[in-house]
Structure formats: C-alpha cells, structure tokens
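J.: coords_21.cif is the file, holding mmCIF, C-alpha atoms:
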data_my_file
#
loop_
_atom_site.label_atom_id
_atom_site.label_comp_id
_atom_site.auth_asym_id
_atom_site.auth_seq_id
_atom_site.Cartn_x
_atom_site.Cartn_y
_atom_site.Cartn_z
CA MET A 1 53.35 -68.41 117.52
CA THR A 2 53.22 -71.83 119.09
CA ALA A 3 51.74 -74.53 116.94
CA LEU A 4 49.26 -76.71 118.78
CA ALA A 5 46.87 -78.83 116.77
CA ALA A 6 43.53 -79.69 118.30
CA SER A 7 44.24 -83.38 117.89
CA ASP A 8 47.48 -83.02 119.88
CA ALA A 9 45.60 -81.14 122.57
CA ALA A 10 42.98 -83.88 122.66
CA ALA A 11 45.73 -86.48 123.05
CA ARG A 12 47.28 -84.54 125.95
CA LEU A 13 43.93 -84.16 127.62
CA ARG A 14 43.43 -87.91 127.26
CA GLN A 15 46.89 -88.68 128.57
CA GLU A 16 47.08 -86.31 131.52
CA LEU A 17 43.51 -86.11 132.75
CA ASN A 18 41.95 -89.20 131.20
CA LEU A 19 39.26 -87.07 129.54
CA ASP A 20 37.59 -87.90 126.26
CA SER A 21 37.05 -85.04 123.88
CA THR A 22 35.73 -84.40 120.40
CA VAL A 23 37.62 -82.38 117.82
CA ASP A 24 35.91 -80.20 115.27
CA GLY A 25 38.40 -78.15 113.29
CA GLN A 26 40.39 -76.26 115.91
CA THR A 27 37.66 -76.59 118.53
CA LEU A 28 37.98 -79.13 121.28
CA THR A 29 34.98 -80.13 123.35
CA ALA A 30 35.44 -82.06 126.57
CA THR A 31 32.89 -83.16 129.14
CA VAL A 32 34.37 -82.97 132.62
CA PRO A 33 33.06 -84.43 135.89
CA THR A 34 32.03 -81.62 138.23
CA GLU A 35 34.57 -82.53 140.94
CA ARG A 36 37.44 -82.19 138.43
CA TRP A 37 36.15 -78.93 136.93
CA GLN A 38 38.86 -76.74 138.46
CA ALA A 39 41.62 -79.25 137.73
CA ALA A 40 40.58 -79.41 134.09
CA GLY A 41 40.48 -75.60 133.97
CA SER A 42 44.00 -75.29 135.37
CA PHE A 43 45.31 -77.90 132.97
CA VAL A 44 43.72 -76.25 129.94
CA ARG A 45 45.07 -72.88 130.98
CA ASP A 46 48.62 -73.90 131.90
CA ALA A 47 49.36 -76.84 129.63
CA LEU A 48 47.29 -75.97 126.58
CA GLY A 49 47.90 -72.22 126.91
CA CYS A 50 44.25 -71.19 126.78
CA ARG A 51 44.64 -67.89 128.61
CA PHE A 52 41.66 -66.12 127.12
CA PHE A 53 38.38 -66.79 128.89
CA ASN A 54 35.73 -66.42 126.23
CA PHE A 55 32.44 -67.07 127.97
CA LEU A 56 30.67 -69.19 130.56
CA THR A 57 27.01 -70.05 130.52
CA ALA A 58 24.62 -72.81 131.45
CA ILE A 59 21.87 -74.93 129.94
CA ASP A 60 18.77 -76.09 131.73
CA TRP A 61 18.03 -79.63 130.56
CA LYS A 62 14.90 -79.76 132.70
CA GLU A 63 14.71 -83.07 134.64
CA GLN A 64 18.17 -84.08 133.41
CA GLY A 65 19.66 -81.26 135.43
CA LEU A 66 21.80 -78.26 134.67
CA GLU A 67 24.90 -78.10 132.57
CA VAL A 68 27.62 -75.47 132.83
CA LEU A 69 29.82 -74.85 129.83
CA CYS A 70 32.66 -72.48 129.19
CA ARG A 71 34.84 -71.71 126.22
CA VAL A 72 38.45 -70.69 126.51
CA ASP A 73 40.85 -69.82 123.72
CA ASN A 74 44.52 -70.11 122.98
CA LEU A 75 44.71 -67.13 120.71
CA ASP A 76 48.27 -67.82 119.53
CA ALA A 77 47.57 -71.37 118.43
CA ARG A 78 44.02 -70.59 117.24
CA LEU A 79 42.78 -73.30 119.56
CA ALA A 80 39.41 -73.20 121.29
CA VAL A 81 38.49 -75.49 124.15
CA MET A 82 34.92 -75.98 125.22
CA LEU A 83 34.52 -77.43 128.69
CA ARG A 84 31.17 -78.83 129.75
CA THR A 85 30.01 -80.30 133.02
CA ARG A 86 26.74 -81.84 134.11
CA LEU A 87 25.78 -80.75 137.60
CA GLY A 88 24.26 -83.14 140.09
CA SER A 89 22.85 -80.31 142.19
CA ALA A 90 22.71 -76.58 141.45
CA SER A 91 26.26 -75.94 142.57
CA CYS A 92 29.55 -75.93 140.73
CA PRO A 93 33.18 -75.15 141.65
CA THR A 94 34.29 -71.68 140.64
CA LEU A 95 36.81 -70.95 137.90
CA THR A 96 37.70 -67.51 139.24
CA GLY A 97 40.95 -68.89 140.66
CA VAL A 98 41.99 -69.99 137.19
CA TRP A 99 40.67 -67.12 135.05
CA ARG A 100 39.80 -63.73 136.53
CA GLY A 101 37.39 -63.27 133.64
CA ALA A 102 35.14 -65.97 135.05
CA ASP A 103 34.03 -63.64 137.86
CA TRP A 104 31.20 -61.73 136.21
CA MET A 105 30.25 -64.61 133.95
CA GLU A 106 29.63 -66.81 136.96
CA ARG A 107 27.68 -64.04 138.66
CA GLU A 108 25.48 -63.75 135.59
CA CYS A 109 25.10 -67.51 135.50
CA TYR A 110 24.00 -67.44 139.14
CA ASP A 111 21.64 -64.58 138.36
CA MET A 112 19.95 -66.32 135.45
CA PHE A 113 20.13 -70.00 136.42
CA GLY A 114 20.56 -69.99 140.18
CA ILE A 115 23.76 -72.04 140.08
CA THR A 116 25.90 -71.56 143.16
CA PHE A 117 29.60 -71.27 142.39
CA GLU A 118 31.54 -72.63 145.33
CA GLY A 119 34.39 -70.35 146.36
CA HIS A 120 33.35 -67.36 144.28
CA PRO A 121 34.77 -64.18 145.89
CA ASP A 122 31.72 -61.95 145.21
CA HIS A 123 28.73 -64.18 144.88
CA ARG A 124 25.63 -62.05 144.24
CA ARG A 125 23.32 -61.02 141.43
CA ILE A 126 24.79 -58.89 138.66
CA LEU A 127 22.05 -57.89 136.20
CA LEU A 128 18.71 -58.17 137.98
CA GLY A 129 17.73 -56.24 141.07
CA ASP A 130 18.67 -57.57 144.49
CA ASP A 131 15.00 -58.08 145.35
CA TRP A 132 14.31 -60.24 142.32
CA GLU A 133 12.72 -63.57 143.07
CA GLY A 134 13.62 -66.62 141.03
CA HIS A 135 16.04 -67.19 138.19
CA PRO A 136 14.48 -66.29 134.85
CA LEU A 137 16.40 -68.50 132.44
CA ARG A 138 15.36 -71.66 134.24
CA LYS A 139 12.86 -73.56 132.14
CA ASP A 140 10.39 -73.74 135.04
CA TYR A 141 10.35 -69.94 135.54
CA ALA A 142 6.95 -68.48 134.66
CA VAL A 143 7.46 -65.44 132.47
CA ASP A 144 4.38 -63.64 133.79
CA THR A 145 5.47 -63.99 137.41
CA PRO A 146 3.93 -61.00 139.19
CA HIS A 147 6.37 -58.50 140.61
CA THR A 148 5.94 -55.77 143.17
CA PRO A 149 4.33 -52.50 142.01
CA TYR A 150 6.74 -49.80 140.92
CA ARG A 151 7.51 -46.90 143.17
CA MET B 1 -40.93 -69.18 150.12
CA GLU B 2 -37.72 -67.35 149.84
CA VAL B 3 -36.67 -66.24 146.42
CA LYS B 4 -33.03 -65.58 146.04
CA PRO B 5 -32.04 -62.94 143.54
CA PRO B 6 -29.70 -64.30 140.91
CA VAL B 7 -26.11 -63.66 141.81
CA PRO B 8 -24.32 -62.04 138.92
CA GLU B 9 -21.27 -64.00 137.96
CA VAL B 10 -18.37 -61.64 138.05
CA PRO B 11 -15.06 -63.13 137.11
CA PRO B 12 -12.50 -62.60 139.85
CA PRO B 13 -10.07 -59.84 138.95
CA VAL B 14 -6.67 -61.00 137.88
CA TRP B 15 -4.45 -59.09 140.23
CA THR B 16 -1.52 -59.06 137.83
CA GLU B 17 -3.71 -57.03 135.50
CA PHE B 18 -5.52 -54.92 138.08
CA LYS B 19 -3.03 -54.15 140.80
CA ASP B 20 -1.14 -51.50 138.93
CA LEU B 21 -4.25 -49.90 137.51
CA GLN B 22 -5.67 -49.48 140.99
CA GLU B 23 -2.39 -48.06 142.17
CA PHE B 24 -2.44 -45.74 139.21
CA GLU B 25 -5.99 -44.53 139.91
CA LYS B 26 -5.11 -43.92 143.54
CA TYR B 27 -2.00 -42.07 142.53
CA ARG B 28 -3.85 -39.97 140.00
CA GLN B 29 -6.47 -39.03 142.59
CA GLN B 30 -3.79 -38.09 145.08
CA ARG B 31 -1.93 -36.10 142.47
CA THR B 32 -4.98 -33.95 141.77
CA ASP B 33 -5.47 -33.30 145.48
CA ASP B 34 -1.84 -32.43 145.99
CA ASP B 35 -1.79 -29.95 143.15
CA LYS B 36 -1.64 -26.90 145.41
CA THR B 37 -0.68 -24.32 142.77
CA SER B 38 -3.51 -25.27 140.50
CA ASN B 39 -5.95 -25.31 143.42
CA THR B 40 -4.91 -21.79 144.44
CA LEU B 41 -5.21 -20.58 140.87
CA ALA B 42 -8.58 -22.27 140.63
CA SER B 43 -9.89 -20.59 143.79
CA ILE B 44 -8.68 -17.17 142.60
CA ALA B 45 -10.26 -17.78 139.21
CA ASP B 46 -13.46 -18.91 140.94
CA ALA B 47 -13.60 -15.72 143.01
CA ILE B 48 -13.12 -13.57 139.94
CA HIS B 49 -15.69 -15.62 138.11
CA HIS B 50 -18.39 -14.66 140.60
CA MET B 51 -17.77 -10.92 140.23
CA PRO B 52 -19.96 -9.10 137.75
CA GLY B 53 -18.47 -9.56 134.33
CA GLY B 54 -15.73 -11.64 135.86
CA TRP B 55 -16.23 -14.69 133.64
CA ILE B 56 -14.77 -12.79 130.72
CA VAL B 57 -11.60 -12.31 132.72
CA THR B 58 -11.32 -15.95 133.90
CA THR B 59 -11.89 -17.53 130.51
CA SER B 60 -9.41 -15.16 129.02
CA THR B 61 -6.78 -15.79 131.70
CA ASP B 62 -7.29 -19.52 131.25
CA LYS B 63 -6.67 -19.13 127.57
CA VAL B 64 -3.57 -17.08 128.23
CA PHE B 65 -2.22 -19.57 130.77
CA ASN B 66 -2.85 -22.49 128.47
CA TRP B 67 -1.32 -20.67 125.55
CA ALA B 68 1.75 -20.05 127.71
CA ARG B 69 1.82 -23.68 128.86
CA LYS B 70 1.54 -25.15 125.41
CA SER B 71 4.07 -22.82 123.80
CA SER B 72 6.83 -23.63 126.24
CA ILE B 73 6.70 -27.36 126.90
CA TRP B 74 10.14 -28.33 128.07
CA PRO B 75 10.80 -32.05 127.72
CA VAL B 76 13.20 -33.55 130.22
CA THR B 77 16.30 -35.04 128.60
CA PHE B 78 15.50 -38.67 129.28
CA GLY B 79 16.51 -41.30 126.76
CA LEU B 80 16.06 -44.97 127.50
CA ALA B 81 16.83 -46.94 124.34
CA CYS B 82 17.03 -46.67 120.56
CA CYS B 83 13.95 -44.42 120.45
CA ALA B 84 16.12 -41.83 122.17
CA ILE B 85 18.16 -41.52 118.98
CA GLU B 86 15.03 -40.52 117.08
CA MET B 87 14.11 -38.20 119.93
CA MET B 88 17.53 -36.53 119.68
CA ALA B 89 16.99 -36.16 115.94
CA THR B 90 13.66 -34.51 116.67
CA PHE B 91 15.35 -32.05 119.01
CA ALA B 92 18.16 -31.36 116.56
CA SER B 93 18.20 -28.73 113.86
CA ARG B 94 16.74 -30.72 110.97
CA PHE B 95 13.36 -31.28 112.60
CA ASP B 96 13.79 -28.57 115.20
CA VAL B 97 10.96 -28.77 117.71
CA GLU B 98 12.39 -25.67 119.33
CA ARG B 99 10.18 -23.67 116.98
CA PHE B 100 7.25 -25.03 119.04
CA GLY B 101 8.94 -23.84 122.21
CA MET B 102 10.28 -27.24 123.23
CA VAL B 103 13.72 -27.06 124.73
CA PRO B 104 15.24 -30.33 125.95
CA TRP B 105 16.11 -29.53 129.53
CA ALA B 106 18.47 -31.55 131.68
CA SER B 107 16.54 -31.13 134.91
CA PRO B 108 13.21 -32.71 135.78
CA ARG B 109 12.42 -29.86 138.17
CA HIS B 110 12.22 -27.33 135.34
CA SER B 111 10.48 -29.61 132.88
CA ASP B 112 6.86 -30.10 131.90
CA LEU B 113 7.09 -33.17 129.72
CA MET B 114 8.69 -36.57 129.98
CA ILE B 115 9.14 -38.43 126.71
CA VAL B 116 9.51 -42.09 127.64
CA SER B 117 11.68 -43.05 124.72
CA GLY B 118 12.35 -46.76 124.82
CA THR B 119 12.04 -50.00 126.71
CA VAL B 120 11.24 -49.63 130.38
CA THR B 121 12.75 -52.53 132.27
CA ILE B 122 11.55 -53.53 135.69
CA LYS B 123 14.89 -52.39 137.08
CA MET B 124 14.51 -48.96 135.43
CA ALA B 125 10.87 -48.38 136.42
CA PRO B 126 11.57 -46.98 139.93
CA MET B 127 14.04 -44.46 138.50
CA LEU B 128 11.53 -43.42 135.85
CA LYS B 129 8.91 -42.99 138.55
CA ARG B 130 11.32 -40.90 140.60
CA ILE B 131 12.05 -38.58 137.69
CA TYR B 132 8.33 -38.23 137.08
CA ASP B 133 7.76 -37.41 140.74
CA GLN B 134 10.49 -34.77 140.67
CA MET B 135 8.79 -32.88 137.86
CA ALA B 136 6.62 -29.95 138.92
CA ASP B 137 2.90 -29.94 138.17
CA PRO B 138 1.40 -29.55 135.61
CA LYS B 139 3.29 -32.31 133.81
CA TRP B 140 2.68 -34.51 130.83
CA VAL B 141 4.02 -37.82 129.60
CA VAL B 142 4.49 -38.96 126.01
CA SER B 143 5.00 -42.68 125.56
CA MET B 144 7.21 -43.10 122.53
CA GLY B 145 7.47 -46.35 120.60
CA SER B 146 6.08 -49.86 120.91
CA CYS B 147 8.19 -50.76 123.94
CA ALA B 148 6.96 -47.88 126.04
CA ASN B 149 3.37 -48.31 124.79
CA SER B 150 2.94 -52.00 125.51
CA GLY B 151 6.29 -53.71 125.98
CA GLY B 152 6.57 -54.20 122.23
CA PRO B 153 8.67 -57.11 121.04
CA PHE B 154 9.88 -57.68 124.61
CA ARG B 155 6.37 -58.01 126.05
CA HIS B 156 6.82 -61.71 126.71
CA GLY B 157 10.22 -61.27 128.29
CA TYR B 158 10.72 -61.58 132.02
CA HIS B 159 12.21 -58.16 132.68
CA VAL B 160 10.14 -55.59 130.76
CA VAL B 161 7.30 -53.43 132.04
CA LYS B 162 4.32 -54.17 129.82
CA GLY B 163 3.59 -50.57 128.96
CA VAL B 164 4.80 -47.48 130.79
CA ASP B 165 1.20 -46.60 131.69
CA ARG B 166 1.58 -49.16 134.46
CA VAL B 167 4.07 -46.82 136.09
CA VAL B 168 3.04 -43.25 135.21
CA PRO B 169 -0.10 -41.81 133.57
CA VAL B 170 0.42 -41.25 129.85
CA ASP B 171 -1.13 -38.49 127.75
CA VAL B 172 -0.01 -39.28 124.21
CA TYR B 173 1.06 -42.63 122.77
CA VAL B 174 3.27 -42.49 119.70
CA PRO B 175 3.37 -45.81 117.82
CA GLY B 176 6.34 -47.05 115.83
CA CYS B 177 9.47 -49.10 116.32
CA PRO B 178 11.08 -46.63 116.58
CA PRO B 179 8.79 -43.76 115.58
CA THR B 180 10.31 -41.44 113.02
CA PRO B 181 11.00 -37.89 114.13
CA ASP B 182 7.94 -36.88 112.09
CA SER B 183 5.74 -39.23 114.13
CA LEU B 184 7.11 -37.93 117.39
CA MET B 185 6.62 -34.37 116.20
CA TYR B 186 3.01 -35.20 115.30
CA GLY B 187 2.54 -36.63 118.77
CA LEU B 188 4.03 -33.52 120.35
CA LEU B 189 1.69 -31.31 118.31
CA LYS B 190 -1.23 -33.46 119.49
CA LEU B 191 0.03 -32.94 123.03
CA GLN B 192 0.05 -29.19 122.43
CA GLU B 193 -3.60 -29.40 121.37
CA GLN B 194 -4.32 -31.29 124.57
CA VAL B 195 -2.48 -28.74 126.70
CA ALA B 196 -4.50 -25.96 125.09
CA GLU B 197 -7.60 -27.64 126.57
CA PHE B 198 -6.01 -27.95 130.02
CA GLN B 199 -8.57 -27.00 132.64
CA LYS B 200 -7.91 -24.62 135.49
CA THR B 201 -8.54 -27.31 138.11
CA GLY B 202 -5.55 -29.32 137.00
CA THR B 203 -7.64 -32.21 135.69
CA LYS B 204 -7.01 -33.18 132.13
#
Please express what this file holds, its structure, as structure tokens.
T.:
Amino acid sequence: MTALAASDAAARLRQELNLDSTVDGQTLTATVPTERWQAAGSFVRDALGCRFFNFLTAIDWKEQGLEVLCRVDNLDARLAVMLRTRLGSASCPTLTGVWRGADWMERECYDMFGITFEGHPDHRRILLGDDWEGHPLRKDYAVDTPHTPYR
Amino acid sequence: MEVKPPVPEVPPPVWTEFKDLQEFEKYRQQRTDDDKTSNTLASIADAIHHMPGGWIVTTSTDKVFNWARKSSIWPVTFGLACCAIEMMATFASRFDVERFGMVPWASPRHSDLMIVSGTVTIKMAPMLKRIYDQMADPKWVVSMGSCANSGGPFRHGYHVVKGVDRVVPVDVYVPGCPPTPDSLMYGLLKLQEQVAEFQKTGTK
C-alpha cells in the first residue's frame, strides 16, 4: 500500500500542472481548463496512481454552460480525485485514451447532455433509441416532447 | 339580412393526447375486420341460427366456446419490471393460477393473454407491440400496476409511455405498486368473467 495524502497530491498537482484544488478528507477536487483535460487526466492516472475510473457525468448550468466532471480513485491510497471542467461549447476532449472505462460513460453523457467528446472511438447513443430527438437531461428539454406513435 | 348561426367553440385537439387514441381506434377497427376465424365462426353460427330451432344450438355453442376460452387462458411469459416478480409469484404454487387453467407459456403464438407487468419505456413499446401482434386472436391484455396503467411514478419522466393503453388495447387494469398476487388474481378472475361474455363476432 502506497501512502499518498490528499494534501501531498494537491501539492503535486499545483507544482506540476499549476492547478488549484480543494481537499476534503481524502477527496481532491480540481477544476481544469478544457484544453488541458486530457493532460490532467494522464497526470492523475500516472503520477497520482488513480487507475480506477469511477464515473463521469455532466451538469447543465443553463446560461452558464455545461460542466463535465469525473471522479477517479487510487484504491490503494484511498485517494479520490474529482476533475471538473467548464465547457465553452458542447464539446470536450475524450478521456478514453487515459481510462478505457470512460468509453460508455462518455457515450451516456453524450446521450443525455449532447456533449460531443472529441476523439471518442465509438461516438453514438447508448441508452436511448437511435431515432431519439434531443438530449433529455438538458434543462431546456421539454419533458412532454411528443414522440412518434408506437408500432 | 344574413343571420349567421353561432359557431360552437371547440377547443383544438391536443395532438399529443389524441394521436395515439386515433391510432388505437383505427387499429381496433382493423383488428376486428382482420379477425378471419371469428368471422367464419360467426357466419356458420349465423347460418345455423336461421334454421328452425337453430338458435338453441348457436347460443349453446357460444357458451361452450366461451367456457373453453375462459378456462384455458394462457398468459404469455412477459415480465417487464418489478411487477413481474409478483406475476411470477401468482403463477407459482402458493397462489397457483393454474387451477383456473392459466399456464404461463413462453410463446406469444400459443397465448391468449398478455400481462403487461411493469413500466413500459418508449424504447420497449415497439417490442411490446410486436409481441401483441404475434398473438393469435382472440387475445386479451391485462395492464398490471401503476406504471402500465398510467406511467405511475415515472409519468413525468422523459422515457416512459404514459399508460400501456396508448400502445395496445387493455381489457383489465390492476392497480397497485406493485399489485399483490391476490390483486392480480382478482383481475384475472374479472378477465375470466369478461371472456365468458365474449361475443361470437369477436367484438368485446
């Protein structure tokens, strides 16, 4: 078991990538610029040893844009890193090159929020039907949107 | 001087509410027309009916047919969600609907009844419709649980069909979330009563 305190990890993140982060227990939260999303992912995986990809999702902040966040864990050191990024447009670099587990999560994120993940190997809907219109977890999606009759 | 009759103010139909109902009516109409077996039976029964004393025979055969129909309703094995667990319990030995002649059958082509047990999502609705279409006439549908009746707790979600009667015509609605096996059994007995009244023309 490798000992890695969250404060040490925060210091390394500050030193290597010049990223500010907040520490809460063994959870580290860092807000990353979108263009350095993949670099931050690689660093967290290789240097901080977070090899377990926990989840990836998004938040629709309405007129303030979309935010993608993912949580990765270093299970040996009991360290969790939460990476967040504010998107300028509805597109984000993919993390599939860093963690294979990001594949389906990003597809679901695309399905629900309509965020395009640049460089994703299999970029299509995962849960809803292929003929679905719109992205239902967007705040501007009308829940009673009419759909085609069933047959 | 021209007097115009008052124009009645009819609110425009909301197509989200009406589209499926119209489709359903059309489908139901078409289904009755396509029911060749029942039409043949009806014409034979009609011919017998016009013979002297023939009406005794036709009413009696109708009763016999309906008795046969209601005592061997085979539900298709079709579970959608948690209601399916209660449905399985109903089929199992403790509640034992087999004493009413109901055998869960794993083929829609041999079945008479579809128990829609659970949430019907928009993605699942075409498959449900296909299974219903594969069943041979006469066929019945029991909508089991709040989700199948109206969408239930997921009614305001984006992905749930707001009641399975927007996809297939339903004969018996069983309320509950989920309904206990007793409730489902009560619904099935009500369905048997309904089948006993099944007319020779195929209309319900």
J.: If you count all atoms listed in the file, which residues fall within 8 Å of range 75-81 of chain A, apart from same-chain ones fewer than 2 positions away, as a PDB file with C-alpha atoms, keeping the file's coordinate frame?
T.:
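File part26.pdb, as written:
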ATOM      1  CA  MET A   1      53.350 -68.410 117.520  1.00  0.00           C
ATOM      2  CA  THR A   2      53.220 -71.830 119.090  1.00  0.00           C
ATOM      3  CA  ALA A   3      51.740 -74.530 116.940  1.00  0.00           C
ATOM      4  CA  LEU A   4      49.260 -76.710 118.780  1.00  0.00           C
ATOM      5  CA  ALA A   5      46.870 -78.830 116.770  1.00  0.00           C
ATOM      6  CA  ALA A   6      43.530 -79.690 118.300  1.00  0.00           C
ATOM      7  CA  GLN A  26      40.390 -76.260 115.910  1.00  0.00           C
ATOM      8  CA  THR A  27      37.660 -76.590 118.530  1.00  0.00           C
ATOM      9  CA  LEU A  28      37.980 -79.130 121.280  1.00  0.00           C
ATOM     10  CA  THR A  29      34.980 -80.130 123.350  1.00  0.00           C
ATOM     11  CA  ALA A  30      35.440 -82.060 126.570  1.00  0.00           C
ATOM     12  CA  VAL A  44      43.720 -76.250 129.940  1.00  0.00           C
ATOM     13  CA  CYS A  50      44.250 -71.190 126.780  1.00  0.00           C
ATOM     14  CA  ARG A  51      44.640 -67.890 128.610  1.00  0.00           C
ATOM     15  CA  PHE A  52      41.660 -66.120 127.120  1.00  0.00           C
ATOM     16  CA  ARG A  71      34.840 -71.710 126.220  1.00  0.00           C
ATOM     17  CA  VAL A  72      38.450 -70.690 126.510  1.00  0.00           C
ATOM     18  CA  ASP A  73      40.850 -69.820 123.720  1.00  0.00           C
ATOM     19  CA  LEU A  83      34.520 -77.430 128.690  1.00  0.00           C
TER      20      LEU A  83
END
J.: Would you give me, as JSON lines, each residue of chain B having an atom within 7 Å of an atom of chain A, along with its shortest atom pair and that distance in Å to one decimal, using only C-alpha atoms and sorting by chain and residue number?
T.:
{"residue": "B:Thr16", "atom": "CA", "partner": "A:Pro146", "partner_atom": "CA", "distance": 5.9}
{"residue": "B:Asp20", "atom": "CA", "partner": "A:Pro149", "partner_atom": "CA", "distance": 6.4}
{"residue": "B:Lys123", "atom": "CA", "partner": "A:Gly129", "partner_atom": "CA", "distance": 6.2}
{"residue": "B:Ala125", "atom": "CA", "partner": "A:Tyr150", "partner_atom": "CA", "distance": 6.3}
{"residue": "B:Pro126", "atom": "CA", "partner": "A:Arg151", "partner_atom": "CA", "distance": 5.2}
{"residue": "B:Lys129", "atom": "CA", "partner": "A:Arg151", "partner_atom": "CA", "distance": 6.2}
{"residue": "B:His156", "atom": "CA", "partner": "A:Val143", "partner_atom": "CA", "distance": 6.9}
{"residue": "B:Gly157", "atom": "CA", "partner": "A:Val143", "partner_atom": "CA", "distance": 6.5}
{"residue": "B:Tyr158", "atom": "CA", "partner": "A:Val143", "partner_atom": "CA", "distance": 5.1}
{"residue": "B:Val167", "atom": "CA", "partner": "A:Tyr150", "partner_atom": "CA", "distance": 6.3}
J.: If you measure from CA of Met88 in chain B to CA of Cys147 in chain B, what distance in Å do you get, rounded to one decimal?
T.: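 Answer for the CA of Met88 in chain B to CA of Cys147 in chain B separation: 17.5 Å.
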J.: Would you kindly return, as a list in words, each protein, DNA or RNA residue with an atom no farther than 6 Å from any atom of Thr57 in chain A, considering only C-alpha atoms and excluding same-chain residues fewer than 5 positions away?
T.: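 The neighbour list is Val68, Leu69 and Cys109 of chain A.
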J.: What is the distance between CA of Val174 in chain B and CA of Tyr186 in chain B, in Å to one decimal?
T.: 8.5 Å
J.: Quick one: residues within 8 Å of Glu108 in chain A, all atoms listed in the file counted, chain neighbours fewer than 2 positions away excluded, as a PyMOL selection string?
T.: chain A and resi 104-106+110-112+125-127
J.: Could you pull the residues within 12 Å of Ala196 in chain B, counting all atoms listed in the file, minus those fewer than 5 positions along the same chain, as a VMD selection string?
T.: chain B and resid 62 to 73 189 to 191 204
J.: Kindly export the residues of the current selection with C-alpha atoms, as a PDB file, in the coordinates of the input.
T.:
ATOM      1  CA  ASP B  62      -7.290 -19.520 131.250  1.00  0.00           C
ATOM      2  CA  LYS B  63      -6.670 -19.130 127.570  1.00  0.00           C
ATOM      3  CA  VAL B  64      -3.570 -17.080 128.230  1.00  0.00           C
ATOM      4  CA  PHE B  65      -2.220 -19.570 130.770  1.00  0.00           C
ATOM      5  CA  ASN B  66      -2.850 -22.490 128.470  1.00  0.00           C
ATOM      6  CA  TRP B  67      -1.320 -20.670 125.550  1.00  0.00           C
ATOM      7  CA  ALA B  68       1.750 -20.050 127.710  1.00  0.00           C
ATOM      8  CA  ARG B  69       1.820 -23.680 128.860  1.00  0.00           C
ATOM      9  CA  LYS B  70       1.540 -25.150 125.410  1.00  0.00           C
ATOM     10  CA  SER B  71       4.070 -22.820 123.800  1.00  0.00           C
ATOM     11  CA  SER B  72       6.830 -23.630 126.240  1.00  0.00           C
ATOM     12  CA  ILE B  73       6.700 -27.360 126.900  1.00  0.00           C
ATOM     13  CA  LEU B 189       1.690 -31.310 118.310  1.00  0.00           C
ATOM     14  CA  LYS B 190      -1.230 -33.460 119.490  1.00  0.00           C
ATOM     15  CA  LEU B 191       0.030 -32.940 123.030  1.00  0.00           C
ATOM     16  CA  LYS B 204      -7.010 -33.180 132.130  1.00  0.00           C
TER      17      LYS B 204
END
J.: Record the distance separating CA of Arg45 in chain A and CA of Val98 in chain A, expressed in Å with one decimal.
T.: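 Going from CA of Arg45 in chain A over to CA of Val98 in chain A covers 7.5 Å.
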J.: Suppose a student applies the PyMOL selection byres ((chain B and resi 82) around 10) to this structure; what residues should they get, written as a list in words?
T.: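 This file gives the following for the PyMOL selection byres ((chain B and resi 82) around 10): Gly79, Leu80, Ala81, Cys83, Ala84, Ile85, Glu86, Met87, Ser117, Gly118, Thr119, Gly145, Cys177 and Pro178 of chain B.
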J.: Go ahead and write the selection's residues with C-alpha atoms as an mmCIF file, in the frame of the given file.
T.:
data_model
loop_
_atom_site.group_PDB
_atom_site.id
_atom_site.type_symbol
_atom_site.label_atom_id
_atom_site.label_comp_id
_atom_site.auth_asym_id
_atom_site.auth_seq_id
_atom_site.Cartn_x
_atom_site.Cartn_y
_atom_site.Cartn_z
ATOM 1 C CA GLY B 79 16.510 -41.300 126.760
ATOM 2 C CA LEU B 80 16.060 -44.970 127.500
ATOM 3 C CA ALA B 81 16.830 -46.940 124.340
ATOM 4 C CA CYS B 83 13.950 -44.420 120.450
ATOM 5 C CA ALA B 84 16.120 -41.830 122.170
ATOM 6 C CA ILE B 85 18.160 -41.520 118.980
ATOM 7 C CA GLU B 86 15.030 -40.520 117.080
ATOM 8 C CA MET B 87 14.110 -38.200 119.930
ATOM 9 C CA SER B 117 11.680 -43.050 124.720
ATOM 10 C CA GLY B 118 12.350 -46.760 124.820
ATOM 11 C CA THR B 119 12.040 -50.000 126.710
ATOM 12 C CA GLY B 145 7.470 -46.350 120.600
ATOM 13 C CA CYS B 177 9.470 -49.100 116.320
ATOM 14 C CA PRO B 178 11.080 -46.630 116.580
#
J.: Give me the residues within 12 Å of Pro121 in chain A as a VMD selection string, counting all atoms listed in the file and dropping any in the same chain fewer than 2 places off.
T.: chain A and resid 93 to 97 100 102 to 104 106 to 107 116 to 119 123 to 124
J.: For the provided coordinates, the residues matched by the PyMOL selection byres ((chain B and resi 97) around 12) should be stated as an NGL selection string.
T.: :B and (71-75 or 87-96 or 98-104 or 181-182 or 184-189 or 192)
J.: Which centre and edge lengths in Å to one decimal define the box along x, y and z that fits every listed atom of range 171-188 of chain B plus 6 Å per side, as lines of an AutoDock Vina configuration file?
T.:
center_x = 5.0
center_y = -41.3
center_z = 119.9
size_x = 24.2
size_y = 27.6
size_z = 27.7
J.: Can you work out which one of A:Glu63, A:Asp8, A:Glu16, A:Asp131 has the shortest atom-to-atom distance to Leu87 in chain A, counting all atoms listed in the file?
T.: A:Glu63
J.: Given the file shown, determine the residues that the PyMOL selection byres ((chain B and resi 132) around 12) selects; report them as a PyMOL selection string.
T.: (chain A and resi 151) or (chain B and resi 31+75-76+78+107-116+125-131+133-142+164+167-170)
